[in-house]
Amino acid sequence: MLSLIWKDFYINRSQLVFPAIVLCAIALLSAMGRSSEASLDYAVPLLFTYSGMMVPFFALNSAMLEEKNRTLAFLRSLPMRADAIVASKFVAPLLVGALWAGVSALAALIIEAGTGQHAVSIMSGMLLVSATLPIAAIELVVFFRFGAGAARTALVVTVGTVYLVPLLAQGLVAKVKPVVIAMMDPEPIHAVLLAGGSLLLYFAGMLIAQAIFRRREM
Amino acid sequence: MSENVLTLNGVCKSYSGFDLRNVSFVLPRGYIMGLVGPNGAGKTTTIRLIMDLARPDSGRIAVLGQQMEANQIELKRRIGYVPENHEFYSDMTVSWTAQFVGRQYPTWNETRFRELLHRYDVDPRKKIGALSKGTKAKLAMALALAHRPELLILDEPTSGLDPVVRRELLSDLLEFVADGDRSVLFSTHITSDLERVADYITFIVNGQVVASDERESMLERARASNPTASIEDLLWTYAKGGR
C-alpha cells in the first residue's frame, strides 16, 4: 500500500507544495512588515482558505486523475488488494492534511515571531483540516460508487450544506463570527475532540468505500 | 503443478444487451491459445472475468489451478496481463510507471525490462501521454514480460501495431513459451496472427464458445471438405452460424 500512497502523493504533489510556498512566503512578508494588521488581512485568511481546501481538493484531484487516465482498472489488474487501493485514496490526503497542519503551524509561528502578536493559533490549520475530513470522506465514497464527476458535485453540495445548515439553524450570519474567532484560537481539548471525531467519520467512510469498491466491476 | 493453466467451466455473465453463455475451455501448460471472434463476441468480457475485473454470474474459473477470487495477489504475481486499452498515468514517464509496476512483483527484472524497452524502441524518459497507441502497447507488453510470468493474458495485443512490431511481438510469444512451462492466452480478430503462433484456438461468437481445440486438428477437419480452408474461413463459417 505504501507504493500506492507514494504514487498519489507524488502525482498530486503540487497540490501541497505550491500552497505551502505561497502561505509561508506571505507569512514571512507580513512578519517582515511587522504589522499584525497585514497578517490578519492577508496571511490568516489565506491560511484558513487553504486549510479548508487542502484535504477535499487533494482527494478530488487524485480521484479525477484516476478517472481521466482510467487507471482504476489498471490498478485492479495488478497484484494488490482492492481494499488497499481504496485505503491509499484515504490515507494519502490524510498525510497531506497532517503535513499541511505542520506548514500552517509554521506560518502561524512566523507571523507571531515577526509581529510579536498572537494573530492565529498554531492549531488553527489542524482544526480546519480535521473539520474537512468528513467532507473528503463523503466525496471519496461517492467517487468509488459513482465516479469523479459525482464526487465533484458531492463536494460542492457538502461544502454548501456545511455553510448553510449552521446559518439556517442559528438564523443569523453574525453567529458565525464566534466560530471563526474560536478557530483562530481553539482550546486544545476542542481541537483534539474535533480531530478525533472527524478521524472516526473519515475511517468509517473508508470502510464504506472499500465495501463498494470490492463489489465494483471494472 | 496443474496440467491446465486455465480452466473455464460453464461461465455465464449477463449485461444489458449482451450475454456470455456457458463459456468453457481449457488451456494446457506450455501452449499458446488464441481466443478469436468478431467484434463484440465476448472476448474482452471473458478475459476480464479471468482477471477478476468482473465476476461471473455462474460457472467456475481456475487460473494456474486456483480460484482467482481467493488467491488474487499470488495469482496476479504469476500472470502478465495486457489489456485492450493501455491505461497508465499520462503525466508520468515510462521509467516511473515501470518503477511503480515493478514494486508489485517480487520477480521483477529491471534488466530484462530495459532490454525489452530497447528492443521495442521505447524511450524510458518519455511521458506516457506523449506515446502513440502502438508504443503504449509495446510498453504494456514489456511491463507484462519483465516479471517473467507463468501465464500471459493479452487482450487484442496486436491491434494498432504496425506489421513489423506485430511480427516481433508474435515471435516474442513463441520465445516466451519455448521452455514448455509458460502459456499464453491472447484474444484477437486478426486470424493471420493465429496461423503464426497459436497451438490452440477458441472461437467465440455471440457470447458462446462455438469451438475450442488444437489448431491443426481443427484445420484438418475443415480441410476434409475444403482443402484450402483457413482459420479465417472457419471464423467466417462460425460467425454465420455454421458448424
# chains A, B, ... in the order shown; residues from 1 in each chain; ligands from 1

call {"tool": "residues_around", "arguments": {"residues": "Tyr105 (chain B)", "least_positions_apart": "5", "cutoff": "9 Å", "atoms": "only C-alpha atoms", "output": "VMD selection string"}}
result
(chain A and resid 78 to 79) or (chain B and resid 76 to 78 147)

call {"tool": "write_last_selection", "arguments": {"atoms": "N, CA and C atoms", "output": "PDB file, in the first residue's frame"}}
result
ATOM      1  N   LEU A  78      -3.291  -5.243 -11.238  1.00  0.00           N
ATOM      2  CA  LEU A  78      -2.000  -5.509 -10.594  1.00  0.00           C
ATOM      3  C   LEU A  78      -2.211  -6.346  -9.331  1.00  0.00           C
ATOM      4  N   PRO A  79      -1.160  -7.011  -8.872  1.00  0.00           N
ATOM      5  CA  PRO A  79      -1.340  -7.820  -7.657  1.00  0.00           C
ATOM      6  C   PRO A  79      -1.436  -6.962  -6.400  1.00  0.00           C
TER       7      PRO A  79
ATOM      8  N   LYS B  76      -1.997 -13.102  -9.452  1.00  0.00           N
ATOM      9  CA  LYS B  76      -1.682 -11.978 -10.350  1.00  0.00           C
ATOM     10  C   LYS B  76      -0.174 -11.743 -10.441  1.00  0.00           C
ATOM     11  N   ARG B  77       0.548 -12.140  -9.403  1.00  0.00           N
ATOM     12  CA  ARG B  77       2.013 -12.037  -9.492  1.00  0.00           C
ATOM     13  C   ARG B  77       2.578 -13.012 -10.508  1.00  0.00           C
ATOM     14  N   ARG B  78       1.809 -14.073 -10.800  1.00  0.00           N
ATOM     15  CA  ARG B  78       2.289 -15.099 -11.744  1.00  0.00           C
ATOM     16  C   ARG B  78       1.719 -14.889 -13.145  1.00  0.00           C
ATOM     17  N   HIS B 147       8.397  -9.405 -15.462  1.00  0.00           N
ATOM     18  CA  HIS B 147       8.428 -10.155 -14.186  1.00  0.00           C
ATOM     19  C   HIS B 147       8.355 -11.667 -14.421  1.00  0.00           C
TER      20      HIS B 147
END

call {"tool": "closest_atom_pairs", "arguments": {"of": "chain B", "to": "chain A", "cutoff": "8 Å", "atoms": "only C-alpha atoms", "output": "JSON lines"}}
result
{"residue": "B:Met51", "atom": "CA", "partner": "A:Ser77", "partner_atom": "CA", "distance": 6.9}
{"residue": "B:Leu53", "atom": "CA", "partner": "A:Met218", "partner_atom": "CA", "distance": 5.2}
{"residue": "B:Ala54", "atom": "CA", "partner": "A:Glu217", "partner_atom": "CA", "distance": 4.7}
{"residue": "B:Arg55", "atom": "CA", "partner": "A:Glu217", "partner_atom": "CA", "distance": 7.2}
{"residue": "B:Gln72", "atom": "CA", "partner": "A:Pro79", "partner_atom": "CA", "distance": 6.8}
{"residue": "B:Ile73", "atom": "CA", "partner": "A:Pro79", "partner_atom": "CA", "distance": 4.5}
{"residue": "B:Glu74", "atom": "CA", "partner": "A:Pro79", "partner_atom": "CA", "distance": 7.2}
{"residue": "B:Leu75", "atom": "CA", "partner": "A:Pro79", "partner_atom": "CA", "distance": 7.8}
{"residue": "B:Lys76", "atom": "CA", "partner": "A:Pro79", "partner_atom": "CA", "distance": 5.0}
{"residue": "B:Arg77", "atom": "CA", "partner": "A:Pro79", "partner_atom": "CA", "distance": 5.7}
{"residue": "B:Tyr81", "atom": "CA", "partner": "A:Ser77", "partner_atom": "CA", "distance": 7.4}
{"residue": "B:Glu87", "atom": "CA", "partner": "A:Thr71", "partner_atom": "CA", "distance": 5.5}
{"residue": "B:Phe88", "atom": "CA", "partner": "A:Thr71", "partner_atom": "CA", "distance": 6.0}
{"residue": "B:Tyr89", "atom": "CA", "partner": "A:Asn69", "partner_atom": "CA", "distance": 5.8}
{"residue": "B:Ser90", "atom": "CA", "partner": "A:Asn69", "partner_atom": "CA", "distance": 6.5}
{"residue": "B:Met92", "atom": "CA", "partner": "A:Ile11", "partner_atom": "CA", "distance": 7.8}
{"residue": "B:Phe100", "atom": "CA", "partner": "A:Ser3", "partner_atom": "CA", "distance": 7.0}
{"residue": "B:Val101", "atom": "CA", "partner": "A:Leu78", "partner_atom": "CA", "distance": 7.7}
{"residue": "B:Arg103", "atom": "CA", "partner": "A:Ser3", "partner_atom": "CA", "distance": 7.4}
{"residue": "B:Gln104", "atom": "CA", "partner": "A:Pro79", "partner_atom": "CA", "distance": 6.2}
{"residue": "B:Tyr105", "atom": "CA", "partner": "A:Pro79", "partner_atom": "CA", "distance": 7.5}

call {"tool": "write_last_selection", "arguments": {"atoms": "C-alpha atoms", "output": "compact mmCIF listing (two decimals), in the first residue's frame"}}
result
# COMPACT_ATOMS: atom_id res chain seq x y z
CA MET B 51 -8.63 -11.45 -14.39
CA LEU B 53 -12.11 -7.49 -13.10
CA ALA B 54 -15.70 -8.72 -13.46
CA ARG B 55 -17.49 -11.56 -11.65
CA GLN B 72 -5.72 -12.75 -6.21
CA ILE B 73 -2.35 -11.40 -5.17
CA GLU B 74 -0.43 -14.65 -5.52
CA LEU B 75 -2.02 -15.46 -8.88
CA LYS B 76 -1.68 -11.98 -10.35
CA ARG B 77 2.01 -12.04 -9.49
CA TYR B 81 -1.71 -9.03 -18.35
CA GLU B 87 -4.27 2.60 -19.09
CA PHE B 88 -1.34 4.35 -17.42
CA TYR B 89 -0.80 7.73 -15.72
CA SER B 90 -0.43 10.08 -18.67
CA MET B 92 4.23 10.13 -15.61
CA PHE B 100 5.61 1.61 -9.76
CA VAL B 101 4.59 -1.63 -11.50
CA ARG B 103 7.29 -2.80 -6.90
CA GLN B 104 4.22 -5.04 -7.10
CA TYR B 105 6.14 -8.06 -8.42

call {"tool": "residues_around", "arguments": {"residues": "Asp121 (chain B)", "least_positions_apart": "3", "cutoff": "10 Å", "atoms": "only C-alpha atoms", "output": "MDAnalysis selection string"}}
result
chainID B and resid 115:118 124 135 138:139 165

call {"tool": "write_last_selection", "arguments": {"atoms": "C-alpha atoms", "output": "PDB file, in the first residue's frame"}}
result
ATOM      1  CA  GLU B 115      16.199  -4.908 -22.712  1.00  0.00           C
ATOM      2  CA  LEU B 116      12.582  -5.122 -23.823  1.00  0.00           C
ATOM      3  CA  LEU B 117      12.252  -1.326 -23.977  1.00  0.00           C
ATOM      4  CA  HIS B 118      15.377  -1.198 -26.089  1.00  0.00           C
ATOM      5  CA  PRO B 124      12.051   5.392 -20.873  1.00  0.00           C
ATOM      6  CA  THR B 135       4.211   2.410 -28.291  1.00  0.00           C
ATOM      7  CA  LYS B 138       4.774  -2.189 -26.577  1.00  0.00           C
ATOM      8  CA  LEU B 139       5.261  -0.700 -23.106  1.00  0.00           C
ATOM      9  CA  VAL B 165       6.230  -4.702 -34.451  1.00  0.00           C
TER      10      VAL B 165
END

call {"tool": "residues_around", "arguments": {"residues": "Val184 (chain B)", "least_positions_apart": "5", "cutoff": "7 Å", "atoms": "only C-alpha atoms", "output": "NGL selection string"}}
result
:B and (31-33 or 151-153)

call {"tool": "residues_around", "arguments": {"residues": "Leu133 (chain A)", "least_positions_apart": "4", "cutoff": "9 Å", "atoms": "only C-alpha atoms", "output": "PyMOL selection string"}}
result
chain A and resi 55-56+94+97+128-129+137-138+195+198-199+201-202

call {"tool": "write_last_selection", "arguments": {"atoms": "C-alpha atoms", "output": "mmCIF file, in the first residue's frame"}}
result
data_model
loop_
_atom_site.group_PDB
_atom_site.id
_atom_site.type_symbol
_atom_site.label_atom_id
_atom_site.label_comp_id
_atom_site.auth_asym_id
_atom_site.auth_seq_id
_atom_site.Cartn_x
_atom_site.Cartn_y
_atom_site.Cartn_z
ATOM 1 C CA VAL A 55 -7.750 17.583 2.054
ATOM 2 C CA PRO A 56 -11.000 17.620 -0.015
ATOM 3 C CA LEU A 94 -4.793 12.435 5.419
ATOM 4 C CA GLY A 97 -3.551 17.184 5.776
ATOM 5 C CA LEU A 128 -9.716 23.199 9.834
ATOM 6 C CA VAL A 129 -8.083 20.187 8.204
ATOM 7 C CA ALA A 137 -14.831 11.067 3.140
ATOM 8 C CA ILE A 138 -18.255 11.714 1.577
ATOM 9 C CA ALA A 195 -9.868 15.834 15.225
ATOM 10 C CA SER A 198 -13.524 13.669 12.262
ATOM 11 C CA LEU A 199 -10.976 10.866 12.010
ATOM 12 C CA LEU A 201 -16.017 9.566 10.456
ATOM 13 C CA TYR A 202 -13.218 9.557 7.893
#

call {"tool": "select_by_dssp", "arguments": {"residues": "region 35-210 of chain B", "states": "alpha helix (DSSP H)", "output": "ChimeraX atom specification"}}
result
/B:43-50,72-77,94-102,110-120,133-145,163-176,191-197

call {"tool": "residues_around", "arguments": {"residues": "Gln210 (chain A)", "least_positions_apart": "3", "cutoff": "7 Å", "atoms": "only C-alpha atoms", "output": "ChimeraX atom specification"}}
result
/A:83,86,206-207,213-214

call {"tool": "write_last_selection", "arguments": {"atoms": "N, CA and C atoms", "output": "PDB file, in the first residue's frame"}}
result
ATOM      1  N   ASP A  83      -9.026  -3.350  -1.414  1.00  0.00           N
ATOM      2  CA  ASP A  83      -9.099  -2.562  -0.172  1.00  0.00           C
ATOM      3  C   ASP A  83      -7.900  -1.622  -0.034  1.00  0.00           C
ATOM      4  N   VAL A  86      -8.360   1.509  -2.198  1.00  0.00           N
ATOM      5  CA  VAL A  86      -9.263   2.471  -1.553  1.00  0.00           C
ATOM      6  C   VAL A  86      -8.564   3.127  -0.357  1.00  0.00           C
ATOM      7  N   MET A 206     -14.074   5.320   4.826  1.00  0.00           N
ATOM      8  CA  MET A 206     -13.138   4.432   4.116  1.00  0.00           C
ATOM      9  C   MET A 206     -13.672   2.996   4.073  1.00  0.00           C
ATOM     10  N   LEU A 207     -14.239   2.542   5.180  1.00  0.00           N
ATOM     11  CA  LEU A 207     -14.788   1.176   5.218  1.00  0.00           C
ATOM     12  C   LEU A 207     -15.951   1.033   4.234  1.00  0.00           C
ATOM     13  N   PHE A 213     -16.120  -0.704  -3.416  1.00  0.00           N
ATOM     14  CA  PHE A 213     -15.136  -0.973  -4.473  1.00  0.00           C
ATOM     15  C   PHE A 213     -14.860  -2.471  -4.643  1.00  0.00           C
ATOM     16  N   ARG A 214     -14.955  -3.217  -3.529  1.00  0.00           N
ATOM     17  CA  ARG A 214     -14.758  -4.666  -3.605  1.00  0.00           C
ATOM     18  C   ARG A 214     -15.754  -5.299  -4.573  1.00  0.00           C
TER      19      ARG A 214
END
